[in-house]
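A short worksheet on the structure shown next.
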Amino acid sequence: MHALIVFTHPDPHSLTHAIATQLANGVRHSAPTHSVELADLAAEGFDPTYSQADVALFQKRGPVPADVAAEQARLERADALVLVYPIYWWSFPAQLKGWIDRVLTGGWAYEEAENGKVVKKLQRLPVHLVAIGGADAGTFTRHAYAEAMKTQIEHGIFDYCGAPVASSHFLMASAPGFPEAHLQTAQAIGRKLFAEPF
């Protein structure tokens with residue numbers, strides 16, 4: 001089984017990078033046949049800007065941009081997608097949101113049928129979300145931020161494409177043992193990624 005871990009943070013020494021690395025180590029150590037690809041969007045310089053080429057693709061009057069095709073090929077090779085990200089303003093960082101905007105395209109991730117129904121094309125791809133937050137769990141509960149993020153991300157994005165969200169984790173700075181405990185959690189998530197049930 002092959003996992004694609006997509007993450008973004010401009011600082012290569014960030015907790016986001018460390019968590020992505022530990023998660024990858026967990027996948028590799030879970031079985032000798034499992035493999036993993038780390039997609040560091042910041043280091044790779046992925047352009048999150050929705051361009052004229054993206055508009056043309058959406059309107060079915062232009063080809064898939066080369067960088068989008070490369071990301072879609074990564075997803076086609078994967079048996080699971082893991083997104084590791086710091087929470088910025090109760091959502092994804094802009095670069096990761098732009099990756100989703102540009103890569104989960106109509107015709108590839110979903111199709112709008114003539115009868116108005118949406119054909120969900122990513123049903124084979126389980127998704128695992130690992131969000132890293134600075135606020136405490138009480139703040140998320142009090143303001144319903146976790147529920148809002150679930151609605152926006154799990155339902156609004158992945159359910160629309162049919163990709164089942166197999167697990168969702170919030171790793172908070174207020175948690176006991178921060179940050180080392182989160183590295184252990186990340187490795188445990190990786191070890192269980194292809195276990196049944198998650």
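Quick note on naming: the chains in the structure tokens go A, B, ... in the order shown, residues restart at 1 in each chain, and ligands are numbered from 1 in order of appearance.
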Check which residues of segment 138-193 of chain A sit at most 10 Å from segment 109-119 of chain A using only C-alpha atoms, and return one row each with the closest pair of atoms and their distance in Å to one decimal, ordered by chain and rising number, as CSV.
residue,atom,partner,partner_atom,distance
A:Phe158,CA,A:Ala109,CA,9.4
A:Tyr160,CA,A:Tyr110,CA,7.5
A:Cys161,CA,A:Tyr110,CA,5.2
A:Gly162,CA,A:Tyr110,CA,8.0
A:Ala163,CA,A:Ala109,CA,9.0
Task: Contacts of His34 of chain A at 7 Å (only C-alpha atoms; same-chain gap of 6+ positions) as JSON, numbers by chain - done: {"A": [1, 2, 27, 28]}
Open item on the list: Just want the 7 Å neighbourhood of segment 95-105 of chain A, counted on only C-alpha atoms, with same-chain residues fewer than 6 positions away dropped. Output as a ChimeraX atom specification.
Closed with: /A:8,48-50,54,68,71-72
- [ ] Please run DSSP on the backbone and report, as number ranges by chain, all residues within segment 4-135 of chain A that come out as strand (DSSP E).
- [x] A: 4-7, 35-40, 80-86, 110-112, 118-120, 127-133
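Between atom CA of Leu23 of chain A and atom CA of Ala188 of chain A the interatomic distance comes to 7.3 Å.
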TODO: Please provide as a list of chain:residue names all residues within 9 Å of Ala24 of chain A, with the sequence filter that same-chain residues fewer than 2 positions apart are discarded (counting only C-alpha atoms).
DONE: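 The residues that qualify are A:Ala3, A:Ile5, A:Ile19, A:Ala20, A:Thr21, A:Gln22, A:Gly26, A:Val27, A:Arg28, A:His29, A:Ser35, A:Val36, A:Glu37, A:Leu38, A:Ala186, A:Gln187, A:Gly190, A:Arg191.
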I need the residues from that last selection saved to file as a tab-separated table (two decimals), in the first residue's frame (with N, CA, C and O atoms), if you can.
chain	number	residue	atom	x	y	z
A	3	ALA	N	1.06	5.50	0.57
A	3	ALA	CA	0.45	6.71	1.14
A	3	ALA	C	1.09	7.95	0.55
A	3	ALA	O	2.31	8.00	0.35
A	5	ILE	N	1.51	11.80	1.59
A	5	ILE	CA	1.38	12.77	2.68
A	5	ILE	C	1.66	14.15	2.11
A	5	ILE	O	2.77	14.45	1.66
A	19	ILE	N	5.96	16.31	12.22
A	19	ILE	CA	4.81	15.42	12.30
A	19	ILE	C	4.65	14.63	11.00
A	19	ILE	O	4.41	13.42	11.01
A	20	ALA	N	4.80	15.31	9.86
A	20	ALA	CA	4.71	14.61	8.57
A	20	ALA	C	5.78	13.52	8.46
A	20	ALA	O	5.51	12.41	8.00
A	21	THR	N	6.99	13.82	8.91
A	21	THR	CA	8.09	12.86	8.86
A	21	THR	C	7.82	11.66	9.76
A	21	THR	O	8.04	10.50	9.36
A	22	GLN	N	7.34	11.92	10.98
A	22	GLN	CA	7.06	10.82	11.90
A	22	GLN	C	5.89	9.95	11.39
A	22	GLN	O	5.92	8.74	11.54
A	26	GLY	N	6.02	5.97	10.53
A	26	GLY	CA	5.06	4.99	11.01
A	26	GLY	C	4.53	4.12	9.89
A	26	GLY	O	4.39	2.90	10.05
A	27	VAL	N	4.24	4.73	8.74
A	27	VAL	CA	3.77	3.94	7.58
A	27	VAL	C	4.83	2.94	7.16
A	27	VAL	O	4.55	1.76	6.96
A	28	ARG	N	6.07	3.42	7.03
A	28	ARG	CA	7.17	2.55	6.58
A	28	ARG	C	7.41	1.39	7.53
A	28	ARG	O	7.74	0.28	7.09
A	29	HIS	N	7.27	1.65	8.83
A	29	HIS	CA	7.54	0.59	9.82
A	29	HIS	C	6.35	-0.34	10.05
A	29	HIS	O	6.49	-1.36	10.72
A	35	SER	N	4.67	1.84	1.34
A	35	SER	CA	5.55	2.92	0.91
A	35	SER	C	4.85	4.26	1.12
A	35	SER	O	3.64	4.31	1.35
A	36	VAL	N	5.62	5.32	1.05
A	36	VAL	CA	5.07	6.65	1.32
A	36	VAL	C	5.80	7.68	0.46
A	36	VAL	O	6.98	7.54	0.16
A	37	GLU	N	5.06	8.69	0.03
A	37	GLU	CA	5.63	9.83	-0.67
A	37	GLU	C	5.26	11.09	0.10
A	37	GLU	O	4.09	11.30	0.43
A	38	LEU	N	6.26	11.91	0.40
A	38	LEU	CA	6.05	13.18	1.08
A	38	LEU	C	5.99	14.30	0.05
A	38	LEU	O	6.93	14.49	-0.73
A	186	ALA	N	1.73	10.99	15.78
A	186	ALA	CA	1.89	10.96	14.32
A	186	ALA	C	2.43	9.61	13.87
A	186	ALA	O	1.94	9.03	12.87
A	187	GLN	N	3.40	9.08	14.60
A	187	GLN	CA	3.93	7.77	14.22
A	187	GLN	C	2.87	6.69	14.38
A	187	GLN	O	2.76	5.79	13.54
A	190	GLY	N	0.53	6.79	11.45
A	190	GLY	CA	1.17	6.15	10.30
A	190	GLY	C	1.15	4.64	10.38
A	190	GLY	O	0.88	3.96	9.39
A	191	ARG	N	1.41	4.10	11.58
A	191	ARG	CA	1.42	2.64	11.75
A	191	ARG	C	0.04	2.04	11.49
A	191	ARG	O	-0.08	0.92	11.00
- [ ] Could you check which of A:Met172, A:Ile132, A:Ala137, A:Leu15 is closest to Leu83 of chain A, using only C-alpha atoms?
- [x] A:Ile132
Task: Nearby residues (only C-alpha atoms) at most 7 Å from Gly62 of chain A, same-chain spacing under 3 positions excluded, as a PyMOL selection string - done: chain A and resi 53+56-57
Expected file: the selected residues, N, CA and C atoms, as an mmCIF file, in the first residue's frame:
data_model
loop_
_atom_site.group_PDB
_atom_site.id
_atom_site.type_symbol
_atom_site.label_atom_id
_atom_site.label_comp_id
_atom_site.auth_asym_id
_atom_site.auth_seq_id
_atom_site.Cartn_x
_atom_site.Cartn_y
_atom_site.Cartn_z
ATOM 1 N N ALA A 53 -5.382 29.353 -16.780
ATOM 2 C CA ALA A 53 -5.345 27.964 -17.248
ATOM 3 C C ALA A 53 -6.303 27.087 -16.441
ATOM 4 N N ALA A 56 -9.803 27.899 -17.589
ATOM 5 C CA ALA A 56 -10.063 27.260 -18.889
ATOM 6 C C ALA A 56 -10.371 25.772 -18.716
ATOM 7 N N LEU A 57 -9.647 25.110 -17.824
ATOM 8 C CA LEU A 57 -9.920 23.699 -17.551
ATOM 9 C C LEU A 57 -11.321 23.536 -16.966
#
Neighbouring residues of Ser167 of chain A were defined as those with any atom within 10 Å, considering only C-alpha atoms; residues of the same chain fewer than 5 positions away were excluded. Please report them as a PDB file with N, CA, C and O atoms, in the first residue's frame.
ATOM      1  N   VAL A  82      -2.960  11.668   3.084  1.00  0.00           N
ATOM      2  CA  VAL A  82      -2.861  12.264   4.417  1.00  0.00           C
ATOM      3  C   VAL A  82      -2.524  13.740   4.241  1.00  0.00           C
ATOM      4  O   VAL A  82      -1.566  14.083   3.538  1.00  0.00           O
ATOM      5  N   PRO A 126      -9.164   6.851   0.590  1.00  0.00           N
ATOM      6  CA  PRO A 126      -9.407   7.310   1.956  1.00  0.00           C
ATOM      7  C   PRO A 126      -8.488   8.480   2.310  1.00  0.00           C
ATOM      8  O   PRO A 126      -7.331   8.531   1.891  1.00  0.00           O
ATOM      9  N   VAL A 127      -9.044   9.407   3.091  1.00  0.00           N
ATOM     10  CA  VAL A 127      -8.318  10.615   3.481  1.00  0.00           C
ATOM     11  C   VAL A 127      -8.147  10.630   4.993  1.00  0.00           C
ATOM     12  O   VAL A 127      -9.071  10.279   5.740  1.00  0.00           O
ATOM     13  N   HIS A 128      -6.961  11.052   5.440  1.00  0.00           N
ATOM     14  CA  HIS A 128      -6.668  11.206   6.865  1.00  0.00           C
ATOM     15  C   HIS A 128      -6.221  12.647   7.076  1.00  0.00           C
ATOM     16  O   HIS A 128      -5.325  13.128   6.370  1.00  0.00           O
ATOM     17  N   LEU A 129      -6.839  13.326   8.030  1.00  0.00           N
ATOM     18  CA  LEU A 129      -6.552  14.727   8.296  1.00  0.00           C
ATOM     19  C   LEU A 129      -5.817  14.858   9.625  1.00  0.00           C
ATOM     20  O   LEU A 129      -6.259  14.305  10.641  1.00  0.00           O
ATOM     21  N   VAL A 130      -4.697  15.592   9.606  1.00  0.00           N
ATOM     22  CA  VAL A 130      -3.924  15.840  10.820  1.00  0.00           C
ATOM     23  C   VAL A 130      -3.711  17.344  10.916  1.00  0.00           C
ATOM     24  O   VAL A 130      -2.856  17.909  10.225  1.00  0.00           O
ATOM     25  N   ILE A 189      -0.383   7.112  14.068  1.00  0.00           N
ATOM     26  CA  ILE A 189      -1.316   7.276  12.947  1.00  0.00           C
ATOM     27  C   ILE A 189      -0.758   6.588  11.710  1.00  0.00           C
ATOM     28  O   ILE A 189      -1.464   5.877  11.000  1.00  0.00           O
ATOM     29  N   LEU A 193      -2.341   3.369   9.522  1.00  0.00           N
ATOM     30  CA  LEU A 193      -2.966   3.944   8.326  1.00  0.00           C
ATOM     31  C   LEU A 193      -3.648   2.880   7.468  1.00  0.00           C
ATOM     32  O   LEU A 193      -4.741   3.106   6.964  1.00  0.00           O
ATOM     33  N   PHE A 198      -9.538   1.393  10.986  1.00  0.00           N
ATOM     34  CA  PHE A 198      -8.653   2.446  11.486  1.00  0.00           C
ATOM     35  C   PHE A 198      -9.100   2.783  12.872  1.00  0.00           C
ATOM     36  O   PHE A 198      -8.942   3.216  13.746  1.00  0.00           O
TER      37      PHE A 198
END
- [ ] Kindly give the distance, in Å, that separates atom CA of Lys192 of chain A and atom CA of Pro164 of chain A, rounded to a single decimal.
- [x]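 Spanning atom CA of Lys192 of chain A to atom CA of Pro164 of chain A is a straight-line distance of 16.2 Å.
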- [ ] Grab the atom CA of His169 of chain A to atom CA of Ala78 of chain A distance for me, in Å with one decimal place.
- [x] 20.3 Å
Task: Top pick for closest residue to Ala66 of chain A, considering A:Asp136, A:Asp47, A:Asp79, A:Glu180 and counting only C-alpha atoms - done: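 Looking at the shortest contact to Ala66 of chain A, the residue is A:Asp47.
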